[in-house]
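K.L.:
Encoded as structure tokens, here's the structure I'll be asking about.
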Amino acid sequence: MRTRFAPSPTGPLHLGHAFSALTAAHLARTLGGEFLLRIEDIDQSRARPEWEAQIYDDLTWLGLTWPTPVMRQSDRMPAYRAALQTLWDMDLLYPCTCKRRDIEAAMSAPQEGVPTHGPDGLIYPGTCRAKPKPAHMPGGETLRLDMAKAVAAIGKPTLTFTEIGPVHTGTHTIELTKAHETLGDIVLARRDMGTSYHMSVVIDDADQQITHVSRGADLFEATQIHVILQALLNKPVPTYHHHDLIRDAQGKRLAKRDDARAIALYRAEGKTSQDIADLIDTPLLSPL
């Protein structure tokens, strides 16, 4: 079995990252598997080499090890492009020129009982879906998945995935007949990136043969999107483990802007890796 920790080099690692990394590594150790590190740097406008270097330094300080070379998403654009081309050839993608304000304006009078938000934010109203499509998949444009066509291509009413995390343990069923309404036409390639989180994470997990995806509970609902993409692209469905989030005293989820809780600052104050483990109430890994 294989787990992974996949941070973005866009800021300092904080206590939540330490909890996530140690949880994934502990899961691999418990199940006799392998822990991998992946750098999710598709957002090149925000990724910085100094933050990537800090990731390696902080995780090593925490006692974690991983195989090298480390997968970096910025090196994998051809793989994402190939997956997008597959979906384009299946007539499941379409270009979208809408900006967020356009979507908000189109949804200014939502239908009663119809959800307005899904795992990927505002549920797209389909403004560009009926526009004529170019003969070839365009580059440098936003591409959306036509969810109704995707569901038809899958050809069955439900998909399932297994969750072993503490929050949502059990087998979960995705009602595909409701996916168009509850998920909408998800963005799979962003104009400024050439891919999206949903597309890249599905391709990367499959290519790295990740069997157990360990990540925060805030991504649980997005698992529906990933399982749908796995079905369309004929990729294996991992077992999922969504763990609790580390929050501050006010119950707010920690984020990279919370520099006061950065691992590097704790280290500078003389804290030990065991101090960090105690703060987040998770065990450090002892050598085998």
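Ordering of the structure tokens sets the chain letters (A, B, ...); residue numbers start at 1 within each chain; ligands are numbered from 1 in the order shown.
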Could you list, with a cut-off of 6 Å and counting only C-alpha atoms, the residues of range 185-217 of chain A near range 129-143 of chain A, each shown with its nearest atom pair and the distance in Å rounded to one decimal, rows sorted by chain and ascending number, as CSV?
P.N.:
residue,atom,partner,partner_atom,distance
A:Val187,CA,A:Leu143,CA,5.8
A:Leu188,CA,A:Leu143,CA,5.8
A:Ala189,CA,A:Leu143,CA,5.0
A:Arg190,CA,A:Thr142,CA,4.6
A:Arg191,CA,A:Glu141,CA,4.4
K.L.:
Restricted to all heavy atoms, what would the selected residues look like written as a PDB file, in the first residue's frame?
P.N.:
ATOM      1  N   VAL A 187     -14.568  22.609 -13.297  1.00  0.00           N
ATOM      2  CA  VAL A 187     -13.404  23.060 -14.068  1.00  0.00           C
ATOM      3  C   VAL A 187     -12.303  22.008 -13.963  1.00  0.00           C
ATOM      4  O   VAL A 187     -11.879  21.634 -12.866  1.00  0.00           O
ATOM      5  CB  VAL A 187     -12.879  24.410 -13.544  1.00  0.00           C
ATOM      6  CG1 VAL A 187     -11.535  24.753 -14.203  1.00  0.00           C
ATOM      7  CG2 VAL A 187     -13.883  25.519 -13.811  1.00  0.00           C
ATOM      8  N   LEU A 188     -11.823  21.540 -15.122  1.00  0.00           N
ATOM      9  CA  LEU A 188     -10.728  20.565 -15.144  1.00  0.00           C
ATOM     10  C   LEU A 188      -9.432  21.149 -15.677  1.00  0.00           C
ATOM     11  O   LEU A 188      -8.370  20.535 -15.548  1.00  0.00           O
ATOM     12  CB  LEU A 188     -11.129  19.336 -15.966  1.00  0.00           C
ATOM     13  CG  LEU A 188     -12.270  18.500 -15.387  1.00  0.00           C
ATOM     14  CD1 LEU A 188     -12.459  17.225 -16.205  1.00  0.00           C
ATOM     15  CD2 LEU A 188     -12.029  18.155 -13.922  1.00  0.00           C
ATOM     16  N   ALA A 189      -9.506  22.312 -16.301  1.00  0.00           N
ATOM     17  CA  ALA A 189      -8.298  23.024 -16.724  1.00  0.00           C
ATOM     18  C   ALA A 189      -8.545  24.512 -16.546  1.00  0.00           C
ATOM     19  O   ALA A 189      -9.523  25.036 -17.080  1.00  0.00           O
ATOM     20  CB  ALA A 189      -7.947  22.714 -18.171  1.00  0.00           C
ATOM     21  N   ARG A 190      -7.680  25.158 -15.796  1.00  0.00           N
ATOM     22  CA  ARG A 190      -7.812  26.590 -15.571  1.00  0.00           C
ATOM     23  C   ARG A 190      -6.952  27.359 -16.565  1.00  0.00           C
ATOM     24  O   ARG A 190      -5.881  26.907 -16.961  1.00  0.00           O
ATOM     25  CB  ARG A 190      -7.406  26.936 -14.135  1.00  0.00           C
ATOM     26  CG  ARG A 190      -8.317  26.284 -13.103  1.00  0.00           C
ATOM     27  CD  ARG A 190      -8.067  26.802 -11.707  1.00  0.00           C
ATOM     28  NE  ARG A 190      -8.944  26.140 -10.756  1.00  0.00           N
ATOM     29  CZ  ARG A 190     -10.224  26.462 -10.548  1.00  0.00           C
ATOM     30  NH1 ARG A 190     -10.764  27.458 -11.221  1.00  0.00           N
ATOM     31  NH2 ARG A 190     -10.951  25.791  -9.685  1.00  0.00           N
ATOM     32  N   ARG A 191      -7.448  28.511 -16.947  1.00  0.00           N
ATOM     33  CA  ARG A 191      -6.789  29.324 -17.972  1.00  0.00           C
ATOM     34  C   ARG A 191      -5.330  29.605 -17.623  1.00  0.00           C
ATOM     35  O   ARG A 191      -4.460  29.604 -18.480  1.00  0.00           O
ATOM     36  CB  ARG A 191      -7.564  30.642 -18.140  1.00  0.00           C
ATOM     37  CG  ARG A 191      -7.056  31.538 -19.231  1.00  0.00           C
ATOM     38  CD  ARG A 191      -7.871  32.810 -19.322  1.00  0.00           C
ATOM     39  NE  ARG A 191      -9.270  32.551 -19.658  1.00  0.00           N
ATOM     40  CZ  ARG A 191     -10.290  32.666 -18.795  1.00  0.00           C
ATOM     41  NH1 ARG A 191     -10.061  33.017 -17.544  1.00  0.00           N
ATOM     42  NH2 ARG A 191     -11.526  32.426 -19.176  1.00  0.00           N
TER      43      ARG A 191
END
K.L.:
Out of range 3-205 of chain A, which residues get strand (DSSP E or B) from DSSP, as a VMD selection string?
P.N.:
chain A and resid 3 to 5 14 34 to 39 71 to 72 93 to 96 117 to 118 121 to 122 142 to 145 158 to 163 170 to 175 187 to 189
K.L.:
Report as a list in words all protein, DNA and RNA residues lying within 10 Å of Arg81 in chain A, evaluated on only C-alpha atoms, omitting residues in the same chain fewer than 3 positions from it.
P.N.:
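Non-adjacent residues within range: Arg76, Met77, Pro78, Leu84, Gln85, Thr86, Leu87, Met137, Gly139, Ala189, Gly194, Thr195, Met199 and Ser200 of chain A.
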K.L.:
Would you output that residue set with C-alpha atoms, as a PDB file, in the first residue's frame?
P.N.:
ATOM      1  CA  ARG A  76       3.694  16.689 -15.394  1.00  0.00           C
ATOM      2  CA  MET A  77       1.722  18.959 -17.685  1.00  0.00           C
ATOM      3  CA  PRO A  78       1.937  16.473 -20.610  1.00  0.00           C
ATOM      4  CA  LEU A  84      -7.837  16.205 -20.853  1.00  0.00           C
ATOM      5  CA  GLN A  85      -7.469  15.162 -24.493  1.00  0.00           C
ATOM      6  CA  THR A  86      -9.064  11.805 -23.687  1.00  0.00           C
ATOM      7  CA  LEU A  87     -12.084  13.542 -22.168  1.00  0.00           C
ATOM      8  CA  MET A 137      -9.046  21.104 -27.792  1.00  0.00           C
ATOM      9  CA  GLY A 139      -4.837  25.513 -25.089  1.00  0.00           C
ATOM     10  CA  ALA A 189      -8.298  23.024 -16.724  1.00  0.00           C
ATOM     11  CA  GLY A 194      -3.457  24.293 -17.896  1.00  0.00           C
ATOM     12  CA  THR A 195      -4.954  21.861 -15.396  1.00  0.00           C
ATOM     13  CA  MET A 199      -7.572  16.691 -12.679  1.00  0.00           C
ATOM     14  CA  SER A 200      -3.981  16.633 -11.443  1.00  0.00           C
TER      15      SER A 200
END
K.L.:
Can you tell me, as a PyMOL selection string, what residues are no more than 8 Å from range 236-241 of chain A when counting only C-alpha atoms, ignoring any on the same chain fewer than 6 positions away?
P.N.:
chain A and resi 161-166+206+210-215+227+230
K.L.:
Give me a file of those residues, with all heavy atoms, as a JSON list (two decimals), in the first residue's frame.
P.N.:
[["chain", "number", "residue", "atom", "x", "y", "z"],
["A", 161, "PHE", "N", -17.15, 4.55, -2.99],
["A", 161, "PHE", "CA", -15.77, 4.57, -2.51],
["A", 161, "PHE", "C", -15.77, 4.23, -1.02],
["A", 161, "PHE", "O", -16.78, 4.40, -0.33],
["A", 161, "PHE", "CB", -15.09, 5.92, -2.77],
["A", 161, "PHE", "CG", -15.66, 7.08, -2.01],
["A", 161, "PHE", "CD1", -15.15, 7.47, -0.78],
["A", 161, "PHE", "CD2", -16.72, 7.82, -2.54],
["A", 161, "PHE", "CE1", -15.68, 8.56, -0.09],
["A", 161, "PHE", "CE2", -17.25, 8.91, -1.87],
["A", 161, "PHE", "CZ", -16.73, 9.28, -0.64],
["A", 162, "THR", "N", -14.64, 3.74, -0.55],
["A", 162, "THR", "CA", -14.50, 3.33, 0.84],
["A", 162, "THR", "C", -13.72, 4.39, 1.62],
["A", 162, "THR", "O", -12.67, 4.85, 1.18],
["A", 162, "THR", "CB", -13.77, 1.99, 0.95],
["A", 162, "THR", "OG1", -14.52, 0.99, 0.25],
["A", 162, "THR", "CG2", -13.59, 1.57, 2.40],
["A", 163, "GLU", "N", -14.24, 4.76, 2.77],
["A", 163, "GLU", "CA", -13.63, 5.75, 3.66],
["A", 163, "GLU", "C", -13.28, 5.08, 4.98],
["A", 163, "GLU", "O", -14.12, 4.43, 5.60],
["A", 163, "GLU", "CB", -14.61, 6.90, 3.90],
["A", 163, "GLU", "CG", -14.25, 7.85, 5.01],
["A", 163, "GLU", "CD", -13.02, 8.69, 4.70],
["A", 163, "GLU", "OE1", -12.86, 9.10, 3.53],
["A", 163, "GLU", "OE2", -12.23, 8.95, 5.62],
["A", 164, "ILE", "N", -12.00, 5.21, 5.40],
["A", 164, "ILE", "CA", -11.57, 4.61, 6.66],
["A", 164, "ILE", "C", -11.18, 5.66, 7.69],
["A", 164, "ILE", "O", -10.70, 5.31, 8.77],
["A", 164, "ILE", "CB", -10.41, 3.62, 6.45],
["A", 164, "ILE", "CG1", -9.19, 4.34, 5.86],
["A", 164, "ILE", "CG2", -10.85, 2.46, 5.56],
["A", 164, "ILE", "CD1", -7.93, 3.47, 5.82],
["A", 165, "GLY", "N", -11.35, 6.94, 7.37],
["A", 165, "GLY", "CA", -11.02, 8.00, 8.31],
["A", 165, "GLY", "C", -12.01, 8.05, 9.46],
["A", 165, "GLY", "O", -13.09, 7.45, 9.41],
["A", 166, "PRO", "N", -11.68, 8.82, 10.51],
["A", 166, "PRO", "CA", -12.51, 8.84, 11.72],
["A", 166, "PRO", "C", -13.81, 9.62, 11.58],
["A", 166, "PRO", "O", -14.70, 9.47, 12.40],
["A", 166, "PRO", "CB", -11.59, 9.52, 12.75],
["A", 166, "PRO", "CG", -10.69, 10.40, 11.93],
["A", 166, "PRO", "CD", -10.46, 9.65, 10.65],
["A", 206, "ALA", "N", -3.06, 8.03, -9.42],
["A", 206, "ALA", "CA", -3.04, 6.80, -10.22],
["A", 206, "ALA", "C", -1.61, 6.47, -10.67],
["A", 206, "ALA", "O", -1.17, 5.33, -10.56],
["A", 206, "ALA", "CB", -3.96, 6.96, -11.43],
["A", 210, "ILE", "N", -1.04, 5.23, -5.67],
["A", 210, "ILE", "CA", -1.47, 5.51, -4.30],
["A", 210, "ILE", "C", -2.70, 4.66, -4.00],
["A", 210, "ILE", "O", -3.72, 4.75, -4.69],
["A", 210, "ILE", "CB", -1.80, 7.01, -4.12],
["A", 210, "ILE", "CG1", -0.57, 7.88, -4.42],
["A", 210, "ILE", "CG2", -2.33, 7.27, -2.71],
["A", 210, "ILE", "CD1", 0.63, 7.60, -3.54],
["A", 211, "THR", "N", -2.61, 3.84, -2.97],
["A", 211, "THR", "CA", -3.73, 2.98, -2.61],
["A", 211, "THR", "C", -4.61, 3.58, -1.53],
["A", 211, "THR", "O", -5.79, 3.24, -1.42],
["A", 211, "THR", "CB", -3.22, 1.61, -2.11],
["A", 211, "THR", "OG1", -2.43, 1.79, -0.93],
["A", 211, "THR", "CG2", -2.39, 0.92, -3.20],
["A", 212, "HIS", "N", -4.02, 4.47, -0.70],
["A", 212, "HIS", "CA", -4.76, 5.08, 0.41],
["A", 212, "HIS", "C", -4.49, 6.59, 0.39],
["A", 212, "HIS", "O", -3.37, 7.02, 0.68],
["A", 212, "HIS", "CB", -4.33, 4.49, 1.75],
["A", 212, "HIS", "CG", -4.74, 3.07, 1.94],
["A", 212, "HIS", "ND1", -4.22, 2.04, 1.18],
["A", 212, "HIS", "CD2", -5.63, 2.51, 2.81],
["A", 212, "HIS", "CE1", -4.77, 0.90, 1.58],
["A", 212, "HIS", "NE2", -5.62, 1.15, 2.55],
["A", 213, "VAL", "N", -5.51, 7.36, 0.05],
["A", 213, "VAL", "CA", -5.40, 8.81, 0.01],
["A", 213, "VAL", "C", -5.73, 9.36, 1.39],
["A", 213, "VAL", "O", -6.88, 9.26, 1.85],
["A", 213, "VAL", "CB", -6.33, 9.42, -1.06],
["A", 213, "VAL", "CG1", -6.37, 10.94, -0.93],
["A", 213, "VAL", "CG2", -5.87, 9.01, -2.46],
["A", 214, "SER", "N", -4.74, 9.92, 2.05],
["A", 214, "SER", "CA", -4.92, 10.52, 3.38],
["A", 214, "SER", "C", -4.86, 12.04, 3.22],
["A", 214, "SER", "O", -3.87, 12.57, 2.72],
["A", 214, "SER", "CB", -3.83, 10.03, 4.32],
["A", 214, "SER", "OG", -3.95, 10.63, 5.60],
["A", 215, "ARG", "N", -5.91, 12.73, 3.68],
["A", 215, "ARG", "CA", -5.97, 14.18, 3.54],
["A", 215, "ARG", "C", -7.02, 14.73, 4.50],
["A", 215, "ARG", "O", -7.74, 13.97, 5.15],
["A", 215, "ARG", "CB", -6.29, 14.58, 2.09],
["A", 215, "ARG", "CG", -7.61, 14.04, 1.56],
["A", 215, "ARG", "CD", -7.72, 14.23, 0.05],
["A", 215, "ARG", "NE", -9.01, 13.80, -0.46],
["A", 215, "ARG", "CZ", -9.29, 13.67, -1.75],
["A", 215, "ARG", "NH1", -8.38, 13.95, -2.66],
["A", 215, "ARG", "NH2", -10.51, 13.29, -2.14],
["A", 227, "VAL", "N", -13.78, 10.44, -7.84],
["A", 227, "VAL", "CA", -14.24, 9.10, -8.20],
["A", 227, "VAL", "C", -14.90, 9.10, -9.57],
["A", 227, "VAL", "O", -14.75, 8.15, -10.35],
["A", 227, "VAL", "CB", -15.18, 8.54, -7.11],
["A", 227, "VAL", "CG1", -15.78, 7.21, -7.53],
["A", 227, "VAL", "CG2", -14.42, 8.37, -5.79],
["A", 230, "GLN", "N", -12.09, 9.17, -12.02],
["A", 230, "GLN", "CA", -11.46, 7.86, -12.06],
["A", 230, "GLN", "C", -12.27, 6.89, -12.93],
["A", 230, "GLN", "O", -11.69, 6.11, -13.71],
["A", 230, "GLN", "CB", -11.30, 7.31, -10.64],
["A", 230, "GLN", "CG", -10.23, 8.04, -9.84],
["A", 230, "GLN", "CD", -10.44, 7.99, -8.34],
["A", 230, "GLN", "OE1", -11.40, 7.39, -7.84],
["A", 230, "GLN", "NE2", -9.58, 8.67, -7.60]]
K.L.:
Using CA of Ile263 in chain A and CA of Leu245 in chain A as the two end points, give the distance in Å to one decimal.
P.N.:
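Computing the Euclidean distance for CA of Ile263 in chain A and CA of Leu245 in chain A yields 16.2 Å.
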K.L.:
From the options A:Ala24, A:Ala6, A:Ala152, A:Ala82, which residue's atoms come nearest to Tyr56 in chain A, counting only C-alpha atoms?
P.N.:
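Of A:Ala24, A:Ala6, A:Ala152, A:Ala82, the one nearest Tyr56 in chain A is A:Ala6, counting only C-alpha atoms.
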K.L.:
I need the helix (DSSP H, G or I) residues of range 29-68 of chain A per DSSP on the backbone, written as a list in words.
P.N.:
Arg29, Thr30, Pro49, Glu50, Trp51, Glu52, Ala53, Gln54, Ile55, Tyr56, Asp57, Asp58, Leu59, Thr60 and Trp61 of chain A
K.L.:
Would you save the residues from that selection as a CSV table (one decimal), in the first residue's frame, using all heavy atoms?
P.N.:
chain,number,residue,atom,x,y,z
A,29,ARG,N,2.9,3.3,7.8
A,29,ARG,CA,3.7,2.4,8.8
A,29,ARG,C,2.7,1.4,9.4
A,29,ARG,O,3.1,0.2,9.5
A,29,ARG,CB,4.3,3.3,9.9
A,29,ARG,CG,5.0,2.5,11.0
A,29,ARG,CD,6.3,1.9,10.5
A,29,ARG,NE,7.2,2.9,10.1
A,29,ARG,CZ,8.1,3.4,10.9
A,29,ARG,NH1,8.2,3.1,12.2
A,29,ARG,NH2,9.0,4.4,10.5
A,30,THR,N,1.5,1.7,9.8
A,30,THR,CA,0.6,0.8,10.4
A,30,THR,C,0.2,-0.3,9.5
A,30,THR,O,0.1,-1.5,9.9
A,30,THR,CB,-0.7,1.5,10.9
A,30,THR,OG1,-0.3,2.6,11.8
A,30,THR,CG2,-1.6,0.6,11.5
A,49,PRO,N,10.5,28.5,-4.9
A,49,PRO,CA,11.5,27.4,-4.6
A,49,PRO,C,11.9,27.4,-3.1
A,49,PRO,O,12.2,26.4,-2.5
A,49,PRO,CB,12.7,27.8,-5.5
A,49,PRO,CG,12.5,29.2,-6.0
A,49,PRO,CD,11.0,29.4,-6.0
A,50,GLU,N,11.9,28.6,-2.5
A,50,GLU,CA,12.3,28.7,-1.1
A,50,GLU,C,11.3,28.0,-0.2
A,50,GLU,O,11.6,27.4,0.8
A,50,GLU,CB,12.5,30.1,-0.6
A,50,GLU,CG,11.3,31.0,-0.8
A,50,GLU,CD,11.3,31.8,-2.1
A,50,GLU,OE1,11.8,31.3,-3.1
A,50,GLU,OE2,10.7,32.9,-2.1
A,51,TRP,N,10.0,28.0,-0.6
A,51,TRP,CA,9.0,27.3,0.2
A,51,TRP,C,9.1,25.8,0.0
A,51,TRP,O,8.9,25.0,0.9
A,51,TRP,CB,7.6,27.8,-0.2
A,51,TRP,CG,7.2,29.2,0.2
A,51,TRP,CD1,6.8,30.2,-0.6
A,51,TRP,CD2,7.4,29.8,1.5
A,51,TRP,NE1,6.6,31.4,0.2
A,51,TRP,CE2,6.9,31.1,1.5
A,51,TRP,CE3,7.8,29.3,2.8
A,51,TRP,CZ2,6.9,32.0,2.6
A,51,TRP,CZ3,7.8,30.1,3.9
A,51,TRP,CH2,7.4,31.5,3.8
A,52,GLU,N,9.4,25.4,-1.2
A,52,GLU,CA,9.6,24.0,-1.5
A,52,GLU,C,10.8,23.5,-0.6
A,52,GLU,O,10.7,22.4,0.0
A,52,GLU,CB,9.9,23.7,-3.0
A,52,GLU,CG,10.0,22.2,-3.3
A,52,GLU,CD,10.1,22.0,-4.8
A,52,GLU,OE1,9.6,22.8,-5.6
A,52,GLU,OE2,10.6,20.9,-5.2
A,53,ALA,N,11.9,24.2,-0.6
A,53,ALA,CA,13.1,23.8,0.2
A,53,ALA,C,12.7,23.7,1.7
A,53,ALA,O,13.1,22.8,2.4
A,53,ALA,CB,14.2,24.8,0.0
A,54,GLN,N,11.8,24.7,2.1
A,54,GLN,CA,11.4,24.6,3.5
A,54,GLN,C,10.5,23.4,3.9
A,54,GLN,O,10.6,22.9,5.0
A,54,GLN,CB,10.6,25.9,3.9
A,54,GLN,CG,10.3,26.1,5.3
A,54,GLN,CD,11.5,26.4,6.2
A,54,GLN,OE1,12.3,27.3,5.9
A,54,GLN,NE2,11.8,25.6,7.2
A,55,ILE,N,9.7,23.0,2.9
A,55,ILE,CA,8.9,21.8,3.1
A,55,ILE,C,9.8,20.6,3.3
A,55,ILE,O,9.6,19.8,4.3
A,55,ILE,CB,8.1,21.5,1.8
A,55,ILE,CG1,6.9,22.5,1.7
A,55,ILE,CG2,7.5,20.1,1.8
A,55,ILE,CD1,6.2,22.5,0.4
A,56,TYR,N,10.9,20.4,2.5
A,56,TYR,CA,11.8,19.3,2.7
A,56,TYR,C,12.4,19.4,4.1
A,56,TYR,O,12.6,18.4,4.8
A,56,TYR,CB,12.8,19.3,1.6
A,56,TYR,CG,12.3,19.1,0.2
A,56,TYR,CD1,12.8,19.9,-0.8
A,56,TYR,CD2,11.3,18.2,-0.1
A,56,TYR,CE1,12.4,19.7,-2.1
A,56,TYR,CE2,10.8,18.1,-1.4
A,56,TYR,CZ,11.3,18.9,-2.4
A,56,TYR,OH,10.8,18.7,-3.7
A,57,ASP,N,12.9,20.6,4.5
A,57,ASP,CA,13.6,20.8,5.7
A,57,ASP,C,12.7,20.5,6.9
A,57,ASP,O,13.1,19.8,7.8
A,57,ASP,CB,14.1,22.2,5.8
A,57,ASP,CG,15.1,22.4,6.9
A,57,ASP,OD1,15.9,21.5,7.1
A,57,ASP,OD2,15.1,23.5,7.5
A,58,ASP,N,11.5,21.0,6.9
A,58,ASP,CA,10.5,20.8,8.0
A,58,ASP,C,10.1,19.4,8.2
A,58,ASP,O,10.0,18.8,9.3
A,58,ASP,CB,9.3,21.7,7.8
A,58,ASP,CG,9.6,23.2,8.1
A,58,ASP,OD1,10.6,23.5,8.8
A,58,ASP,OD2,8.7,24.0,7.7
A,59,LEU,N,9.8,18.7,7.1
A,59,LEU,CA,9.4,17.3,7.1
A,59,LEU,C,10.5,16.4,7.6
A,59,LEU,O,10.3,15.4,8.4
A,59,LEU,CB,8.9,16.8,5.8
A,59,LEU,CG,7.6,17.5,5.3
A,59,LEU,CD1,7.2,16.9,3.9
A,59,LEU,CD2,6.4,17.3,6.3
A,60,THR,N,11.7,16.7,7.2
A,60,THR,CA,12.9,15.9,7.6
A,60,THR,C,13.1,16.1,9.1
A,60,THR,O,13.4,15.2,9.9
A,60,THR,CB,14.2,16.3,6.9
A,60,THR,OG1,14.0,16.1,5.5
A,60,THR,CG2,15.4,15.6,7.4
A,61,TRP,N,12.9,17.4,9.6
A,61,TRP,CA,13.0,17.7,11.0
A,61,TRP,C,12.0,16.9,11.8
A,61,TRP,O,12.2,16.5,13.0
A,61,TRP,CB,12.9,19.2,11.2
A,61,TRP,CG,12.9,19.6,12.6
A,61,TRP,CD1,14.0,19.8,13.4
A,61,TRP,CD2,11.8,20.0,13.5
A,61,TRP,NE1,13.7,20.2,14.7
A,61,TRP,CE2,12.3,20.4,14.7
A,61,TRP,CE3,10.4,20.1,13.2
A,61,TRP,CZ2,11.5,20.8,15.7
A,61,TRP,CZ3,9.6,20.5,14.3
A,61,TRP,CH2,10.2,20.9,15.5
K.L.:
Using only C-alpha atoms, which protein or nucleic acid residues come within 10 Å of range 7-15 of chain A? Drop anything in the same chain fewer than 3 positions from it, and give the result as JSON, numbers by chain.
P.N.:
{"A": [4, 18, 19, 20, 21, 37, 38, 39, 40, 41, 42, 43, 44, 45, 46, 47, 48, 49, 50, 51, 52, 53, 54, 55, 58, 59, 72, 73, 245, 246, 247, 254, 255, 256, 257, 258, 259, 260, 261, 262, 263, 264, 265, 266, 276, 277, 279, 280]}
K.L.:
How would the residues just chosen look if you wrote them out with C-alpha atoms as a compact mmCIF listing (two decimals), in the first residue's frame?
P.N.:
# COMPACT_ATOMS: atom_id res chain seq x y z
CA ARG A 4 1.22 10.40 0.20
CA ALA A 18 2.43 18.47 10.28
CA PHE A 19 -0.69 16.62 11.39
CA SER A 20 -1.56 15.65 7.81
CA ALA A 21 1.96 14.47 6.96
CA LEU A 37 5.90 13.09 -0.86
CA ARG A 38 4.48 15.04 -3.81
CA ILE A 39 4.88 18.76 -4.50
CA GLU A 40 1.64 20.29 -5.83
CA ASP A 41 3.02 23.34 -7.62
CA ILE A 42 0.62 23.77 -10.54
CA ASP A 43 -0.04 27.34 -9.37
CA GLN A 44 3.26 28.73 -10.63
CA SER A 45 2.18 32.28 -9.87
CA ARG A 46 2.38 31.49 -6.14
CA ALA A 47 4.86 28.61 -5.88
CA ARG A 48 8.33 29.55 -4.68
CA PRO A 49 11.51 27.43 -4.57
CA GLU A 50 12.31 28.67 -1.07
CA TRP A 51 8.98 27.33 0.20
CA GLU A 52 9.64 23.98 -1.47
CA ALA A 53 13.05 23.82 0.21
CA GLN A 54 11.40 24.64 3.54
CA ILE A 55 8.93 21.78 3.06
CA ASP A 58 10.54 20.83 8.02
CA LEU A 59 9.40 17.29 7.13
CA ARG A 72 6.48 17.72 -8.86
CA GLN A 73 3.28 18.65 -10.66
CA LEU A 245 -8.52 19.44 10.84
CA ILE A 246 -6.30 21.33 13.26
CA ARG A 247 -8.13 24.45 14.45
CA LEU A 254 -5.38 26.80 10.28
CA ALA A 255 -4.12 28.19 6.97
CA LYS A 256 -0.79 29.27 5.53
CA ARG A 257 -1.54 32.85 6.46
CA ASP A 258 -1.28 31.77 10.11
CA ASP A 259 2.46 32.34 10.14
CA ALA A 260 2.53 32.38 13.94
CA ARG A 261 1.89 28.62 13.81
CA ALA A 262 4.48 27.90 11.12
CA ILE A 263 6.69 24.89 11.86
CA ALA A 264 9.80 26.96 11.09
CA LEU A 265 8.87 29.49 13.79
CA TYR A 266 8.31 26.77 16.39
CA ILE A 276 4.97 19.55 17.72
CA ALA A 277 3.58 16.01 18.00
CA LEU A 279 0.61 20.04 20.18
CA ILE A 280 -1.28 18.16 17.49
K.L.:
Excluding Leu31 in chain A and its own-chain neighbours fewer than 5 positions away, which residues fall within 10 Å of it when counting only C-alpha atoms? Please give them as an MDAnalysis selection string.
P.N.:
chainID A and resid 1:2 26
K.L.:
Hey, what's within 10 Å of Glu221 in chain A if we count only C-alpha atoms and toss same-chain stuff fewer than 4 positions away? As a PyMOL selection string, please?
P.N.:
chain A and resi 118-120+183+217+225-226
K.L.:
Go ahead and write the selection's residues with all heavy atoms as a compact mmCIF listing (two decimals), in the first residue's frame.
P.N.:
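Listing of result_9.txt after writing:
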# COMPACT_ATOMS: atom_id res chain seq x y z
N GLY A 118 -21.32 23.64 -4.26
CA GLY A 118 -20.90 22.25 -4.19
C GLY A 118 -19.47 22.16 -3.70
O GLY A 118 -18.91 23.14 -3.20
N PRO A 119 -18.83 21.01 -3.85
CA PRO A 119 -17.45 20.83 -3.36
C PRO A 119 -16.44 21.76 -4.03
O PRO A 119 -15.38 22.01 -3.48
CB PRO A 119 -17.14 19.37 -3.71
CG PRO A 119 -18.46 18.72 -3.90
CD PRO A 119 -19.38 19.77 -4.40
N ASP A 120 -16.77 22.28 -5.21
CA ASP A 120 -15.85 23.14 -5.93
C ASP A 120 -16.30 24.60 -5.91
O ASP A 120 -15.89 25.40 -6.75
CB ASP A 120 -15.72 22.66 -7.38
CG ASP A 120 -14.42 23.10 -8.03
OD1 ASP A 120 -13.40 23.16 -7.32
OD2 ASP A 120 -14.41 23.39 -9.24
N LEU A 183 -23.03 18.86 -8.14
CA LEU A 183 -21.62 19.12 -8.43
C LEU A 183 -21.44 20.15 -9.54
O LEU A 183 -20.53 20.98 -9.50
CB LEU A 183 -20.90 17.83 -8.83
CG LEU A 183 -20.92 16.69 -7.80
CD1 LEU A 183 -20.23 15.47 -8.39
CD2 LEU A 183 -20.25 17.12 -6.51
N ALA A 217 -10.34 16.55 6.22
CA ALA A 217 -11.77 16.33 6.07
C ALA A 217 -12.44 17.39 5.20
O ALA A 217 -13.55 17.17 4.69
CB ALA A 217 -12.44 16.29 7.44
N ILE A 225 -16.07 14.08 -6.99
CA ILE A 225 -15.52 14.51 -8.26
C ILE A 225 -14.40 13.58 -8.70
O ILE A 225 -14.33 13.16 -9.86
CB ILE A 225 -15.00 15.96 -8.16
CG1 ILE A 225 -16.14 16.91 -7.80
CG2 ILE A 225 -14.32 16.39 -9.46
CD1 ILE A 225 -15.67 18.30 -7.43
N HIS A 226 -13.54 13.22 -7.77
CA HIS A 226 -12.38 12.40 -8.10
C HIS A 226 -12.79 11.00 -8.52
O HIS A 226 -12.22 10.42 -9.45
CB HIS A 226 -11.42 12.38 -6.91
CG HIS A 226 -10.99 13.75 -6.51
ND1 HIS A 226 -10.45 14.05 -5.28
CD2 HIS A 226 -11.05 14.94 -7.17
CE1 HIS A 226 -10.17 15.34 -5.21
NE2 HIS A 226 -10.55 15.90 -6.35
